[in-house]
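Q: Input: one structure, supplied below.
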There are 2 protein chains.
Amino acid sequence: MTTIDYRDGVVTMIDQTRLPTDEVLLEIRDVPTLVAAIARLSVRGAPAIGVAGAFGVVLAARVHHPTVDRAEFEAAIDSIRHARPTAVNLARMVDRVASIARRDPAAAEAEAHQIRAEELAASVSMGDLGADLVIELVNKPRADVMTICNTGGLAAVERGTALAVVQTLHERSQLGEALPLETRPLLQGARLTAWELKKMGAPFRLLVDSAGPFLLSRGAADVVLIGADRIAANGDTANKIGSFSLALAARHAGVPFIVVAPESTVDMATASGDDIEIEDRGSAEVASVLGYPTAPSGTDAVNPAFDVTPVELITALVTNRRVVRFDQNQSLSS
Amino acid sequence: MTTIDYRDGVVTMIDQTRLPTDEVLLEIRDVPTLVAAIARLSVRGAPAIGVAGAFGVVLAARVHHPTVDRAEFEAAIDSIRHARPTAVNLARMVDRVASIARRDPAAAEAEAHQIRAEELAASVSMGDLGADLVIELVNKPRADVMTICNTGGLAAVERGTALAVVQTLHERSQLGEALPLETRPLLQGARLTAWELKKMGAPFRLLVDSAGPFLLSRGAADVVLIGADRIAANGDTANKIGSFSLALAARHAGVPFIVVAPESTVDMATASGDDIEIEDRGSAEVASVLGYPTAPSGTDAVNPAFDVTPVELITALVTNRRVVRFDQNQSLSS
């Protein structure tokens, strides 16, 4: 499965807003269409958005010569950079390809493909390191894995982060079953992760979010794998709401709890989880499901988009370059 | 708000399947219609079902004289008893009124109203004992209360169990705000508890289930109040899936975790939570919301209807008769 690619002036991407009902491949030929696709979450996940932005620069350079039509080119670049204001990775990747394009427009496409290849290599690496660690920790030939949100190929180029580990285990015949949480309010687990697991032919059963902690206490999974939005210098990890609850239950059950995320997620400028601000996404997502109201009209909600799991509850971090064993008192700076 | 009542040959009940969108009062004049209403969950919650059954016997006795039309009367009674096979309370209340009706048909109505009055008195008592305990434990003039599922008047005659405590706190001006969890898969928190809180004018904000544990860690609530499906002799408590997760998080946050349930929920014949079988309600509820599919077709799920919270994580049990402080090593048999 390929989330995003580029060939001969056409960016192709799976429209994630249509999943799991419809599998639609978008073909995008111009920058405004690409910016709109990023903005309405047809593509999501930091690595995938970064690659989309990189290919966007290639589209821009085909229409506006970076030095001849300089104003038009820079305006197009700017619109891509701001398609999602908080996506740091998007701006970084756009800038990287744009600086190449300004020197040599013909080299932009190769640079964008290079970024895509790097993201894929990072996923392969996380999958290998993570699968090795899981099998070492669970001390069984096949591991049952609980996970949350979507951390698969749809969030990256292919394979992803935590779900890359699940995929690698599956390819090595070391996966018992995957137990994805549906992940309210936006149901990325039910809509996207279940779809990816089905695609890869991996055995899985879906859970409502609150069933995860109890099923851990009953021995239903050997390990919990999650992704990360941001990892503080001390190892505290911000990730999708529900991660903290799984971490508490994993500790209670004596089950390893592993974070899988690229090195770029580690933010040494943030000392600890206390310094991470929690975004509240408003009431509408909570008081409805897929747009259908579930609560009385006018119902107010608290809707933290993510939570912070303290490093004391995290067994290890797996990145594309290393394994940090917090349970053995290793630290991110060592 | 009155969930269920009877007058002049008519049982009135709120149709809970229509909430929160439509507020429909059913008027039921015969046994088959009542049995159908119980079976399709127009009325739910052990006390409410018991009262519905009691009034059902009154309806039966109006049409079929219990001793003259004995076969018809007993067949009608039997159909009510079996409207929900696992509802122990239903059979018990039906039998209680039927035995009166067989001796004196004219006395059946008074007995059914007596049952209704007893249920209401139990809710008032749980509300008072629970509110006193909450204010003692939180040591603040107003408590912020997190809760799960629907434990309010809709599950009883009026007021309910855990939500009766919230209502009592609100009436005493001792409620900060209520934080109900939406309670997937069937959304009783979003659909029913939010509706009841709105009706009583209590300040509240709705949460997705996995936000509860994290918000406890951030000090959002002073206490967690839950109901119970069954309480084992050692105090282990079976309740709606998600209760265990809240208990773990309450312990981690140092927040009291209180079970509120009538004495009839205590099952001294069950030694501990290990002896409670966990019912799995199948995949359809998990792979859809309000009937709308959320996951790829054919998605399998694990769907435990409830979980078991070990007594070590429970601060106290409040019944209609007593407070048992597990945190002070009190036990159910003392």
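Each chain in the structure tokens gets a letter, A, B, ..., in the order shown, and its residues are numbered from 1; ligands are numbered from 1 in order too.
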Kindly provide the residues of chain B that approach chain A to within 7 Å, each paired with its closest atom pair and their distance in Å to one decimal, based on only C-alpha atoms, listed by chain and increasing number, as a tab-separated table.
A:
residue	atom	partner	partner_atom	distance
B:Pro20	CA	A:Pro296	CA	5.4
B:Thr21	CA	A:Pro296	CA	6.8
B:Arg184	CA	A:Val208	CA	6.4
B:Pro185	CA	A:Val208	CA	6.6
B:Ala190	CA	A:Ala295	CA	4.7
B:Arg191	CA	A:Ala295	CA	4.9
B:Ala194	CA	A:Ala295	CA	6.6
B:Trp195	CA	A:Pro296	CA	5.9
B:Arg205	CA	A:Ala301	CA	4.4
B:Leu206	CA	A:Ala301	CA	4.3
B:Leu207	CA	A:Val302	CA	5.7
B:Val208	CA	A:Val286	CA	6.2
B:Asp209	CA	A:Ser210	CA	6.1
B:Ser210	CA	A:Gly242	CA	4.5
B:Ala211	CA	A:Ile241	CA	6.1
B:Pro213	CA	A:Ser245	CA	5.8
B:Phe214	CA	A:Phe244	CA	6.3
B:Ile241	CA	A:Ala211	CA	6.1
B:Gly242	CA	A:Ser210	CA	4.5
B:Phe244	CA	A:Phe214	CA	6.3
B:Ser245	CA	A:Pro213	CA	5.8
B:Val286	CA	A:Val208	CA	6.2
B:Thr294	CA	A:Arg191	CA	5.8
B:Ala295	CA	A:Ala190	CA	4.7
B:Pro296	CA	A:Pro20	CA	5.4
B:Asp300	CA	A:Arg205	CA	5.0
B:Ala301	CA	A:Leu206	CA	4.3
B:Val302	CA	A:Leu207	CA	5.7
B:Asn303	CA	A:Leu207	CA	6.6
B:Pro304	CA	A:Ala211	CA	7.0
B:Asp307	CA	A:Phe214	CA	6.4
Q: Taking only segment 40-278 of chain B into account, list the residues labelled alpha helix (DSSP H) by DSSP (computed from the backbone), as JSON, numbers by chain.
A: {"B": [46, 47, 48, 49, 50, 51, 52, 53, 54, 55, 56, 57, 58, 59, 60, 61, 62, 63, 70, 71, 72, 73, 74, 75, 76, 77, 78, 79, 80, 81, 88, 89, 90, 91, 92, 93, 94, 95, 96, 97, 98, 99, 100, 101, 102, 103, 108, 109, 110, 111, 112, 113, 114, 115, 116, 117, 118, 119, 120, 121, 122, 123, 124, 125, 126, 127, 128, 129, 130, 131, 132, 133, 134, 135, 136, 137, 138, 162, 163, 164, 165, 166, 167, 168, 169, 170, 171, 188, 194, 195, 196, 197, 198, 199, 200, 211, 212, 213, 214, 215, 216, 217, 243, 244, 245, 246, 247, 248, 249, 250, 251, 252, 253]}
Q: Would you list, as a list of chain:residue names, the residues of segment 246-277 of chain A that end up in strand (DSSP E or B) under DSSP run on this structure's backbone?
A: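 DSSP on the backbone gives strand (DSSP E or B) at A:Phe257, A:Ile258, A:Val259, A:Val260, A:Val266, A:Asp267.
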Q: Restricting it to N, CA, C and O atoms, dump the selection as an mmCIF file, in the first residue's frame.
A:
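Below you can see part.cif, which holds the result:
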data_model
loop_
_atom_site.group_PDB
_atom_site.id
_atom_site.type_symbol
_atom_site.label_atom_id
_atom_site.label_comp_id
_atom_site.auth_asym_id
_atom_site.auth_seq_id
_atom_site.Cartn_x
_atom_site.Cartn_y
_atom_site.Cartn_z
ATOM 1 N N PHE A 257 5.227 -1.462 27.557
ATOM 2 C CA PHE A 257 4.564 -0.347 26.875
ATOM 3 C C PHE A 257 5.637 0.388 26.070
ATOM 4 O O PHE A 257 6.550 0.981 26.644
ATOM 5 N N ILE A 258 5.534 0.320 24.735
ATOM 6 C CA ILE A 258 6.609 0.791 23.862
ATOM 7 C C ILE A 258 6.125 1.912 22.949
ATOM 8 O O ILE A 258 5.093 1.788 22.296
ATOM 9 N N VAL A 259 6.894 3.001 22.904
ATOM 10 C CA VAL A 259 6.622 4.110 21.998
ATOM 11 C C VAL A 259 7.486 3.924 20.744
ATOM 12 O O VAL A 259 8.685 3.651 20.852
ATOM 13 N N VAL A 260 6.871 4.061 19.564
ATOM 14 C CA VAL A 260 7.593 3.922 18.297
ATOM 15 C C VAL A 260 7.405 5.211 17.512
ATOM 16 O O VAL A 260 6.281 5.565 17.146
ATOM 17 N N VAL A 266 11.443 13.557 18.758
ATOM 18 C CA VAL A 266 12.091 13.892 20.035
ATOM 19 C C VAL A 266 12.379 15.391 20.056
ATOM 20 O O VAL A 266 12.990 15.929 19.133
ATOM 21 N N ASP A 267 11.901 16.047 21.101
ATOM 22 C CA ASP A 267 12.030 17.501 21.219
ATOM 23 C C ASP A 267 12.829 17.822 22.481
ATOM 24 O O ASP A 267 12.270 17.961 23.564
#
Q: In Å, with one decimal, what is the gap from atom CA of Asp15 of chain B to atom CA of Glu109 of chain B?
A: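 According to the coordinates, atom CA of Asp15 of chain B and atom CA of Glu109 of chain B are separated by 22.5 Å.
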Q: In Å, how far is it from atom CA of Ile14 of chain A to atom CA of Thr161 of chain A?
A: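 These atoms are spaced 18.3 Å apart.
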Q: Need the shell around Ile231 of chain B: protein/DNA/RNA residues with any atom at most 12 Å away, counting only C-alpha atoms. Skip same-chain ones fewer than 3 positions apart. Format as a PyMOL selection string?
A: chain B and resi 227-228+234-239+259-276+307-311+314+317-319+331-332
Q: Go ahead and compute the interatomic distance for atom CA of Ala164 of chain B and atom CA of Ala122 of chain B, in Å to one decimal.
A: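 Separation of atom CA of Ala164 of chain B and atom CA of Ala122 of chain B: 9.9 Å.
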Q: Which residues come within 7 Å of segment 118-120 of chain B, counting only C-alpha atoms, excluding same-chain residues fewer than 2 positions away, as number ranges by chain?
A: B: 47, 114-116, 122-124, 157-158
Q: Suppose we keep N, CA, C and O atoms; can you now write the selection as a CSV table (one decimal), in the first residue's frame?
A:
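Okay, this is what ended up in result08.csv:
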chain,number,residue,atom,x,y,z
B,47,PRO,N,-33.7,-1.6,38.5
B,47,PRO,CA,-34.9,-1.2,39.2
B,47,PRO,C,-36.1,-0.8,38.3
B,47,PRO,O,-37.2,-1.2,38.6
B,114,GLN,N,-46.1,0.1,45.9
B,114,GLN,CA,-45.2,-0.1,47.0
B,114,GLN,C,-43.8,-0.3,46.5
B,114,GLN,O,-42.8,0.3,47.0
B,115,ILE,N,-43.7,-1.2,45.5
B,115,ILE,CA,-42.3,-1.5,45.0
B,115,ILE,C,-41.7,-0.3,44.4
B,115,ILE,O,-40.6,0.0,44.6
B,116,ARG,N,-42.6,0.5,43.6
B,116,ARG,CA,-42.1,1.7,43.0
B,116,ARG,C,-41.6,2.7,44.1
B,116,ARG,O,-40.5,3.3,44.0
B,122,ALA,N,-35.0,4.1,48.0
B,122,ALA,CA,-33.6,3.6,48.0
B,122,ALA,C,-32.7,4.6,47.3
B,122,ALA,O,-31.6,4.9,47.7
B,123,SER,N,-33.2,5.2,46.2
B,123,SER,CA,-32.4,6.2,45.4
B,123,SER,C,-32.2,7.4,46.3
B,123,SER,O,-31.1,8.0,46.3
B,124,VAL,N,-33.2,7.9,47.0
B,124,VAL,CA,-33.1,9.0,47.9
B,124,VAL,C,-32.0,8.8,48.9
B,124,VAL,O,-31.1,9.6,49.2
B,157,VAL,N,-36.6,4.5,39.1
B,157,VAL,CA,-37.9,5.2,39.0
B,157,VAL,C,-37.6,6.7,38.9
B,157,VAL,O,-38.1,7.3,38.0
B,158,GLU,N,-36.8,7.2,39.8
B,158,GLU,CA,-36.3,8.6,39.7
B,158,GLU,C,-34.9,8.5,40.3
B,158,GLU,O,-34.6,7.6,41.1
Q: Considering only C-alpha atoms, return as a PyMOL selection string whatever protein or nucleic-acid residues lie within 12 Å of Glu74 of chain A, sequence-local ones (same chain, fewer than 6 positions apart) excluded.
A: chain A and resi 31+57+60-61+63-68+80-81+94-95+98-99+101-102
Q: Find the residues around Val165 of chain A up to 6 Å (only C-alpha atoms counted), leave out those fewer than 4 positions away in its own chain, and share them as a PyMOL selection string.
A: chain A and resi 127+130-131
Q: With all heavy atoms retained, export the selected residues as a PDB file, in the first residue's frame.
A:
ATOM      1  N   GLY A 127      10.308  -0.665  12.188  1.00  0.00           N
ATOM      2  CA  GLY A 127       9.661  -1.978  12.186  1.00  0.00           C
ATOM      3  C   GLY A 127      10.618  -3.075  12.631  1.00  0.00           C
ATOM      4  O   GLY A 127      10.267  -3.927  13.460  1.00  0.00           O
ATOM      5  N   GLY A 130      11.765  -2.468  16.352  1.00  0.00           N
ATOM      6  CA  GLY A 130      10.623  -2.684  17.239  1.00  0.00           C
ATOM      7  C   GLY A 130      10.249  -4.155  17.347  1.00  0.00           C
ATOM      8  O   GLY A 130       9.983  -4.656  18.452  1.00  0.00           O
ATOM      9  N   ALA A 131      10.234  -4.843  16.214  1.00  0.00           N
ATOM     10  CA  ALA A 131       9.856  -6.267  16.232  1.00  0.00           C
ATOM     11  C   ALA A 131      10.885  -7.073  17.027  1.00  0.00           C
ATOM     12  O   ALA A 131      10.524  -7.969  17.803  1.00  0.00           O
ATOM     13  CB  ALA A 131       9.730  -6.801  14.813  1.00  0.00           C
TER      14      ALA A 131
END
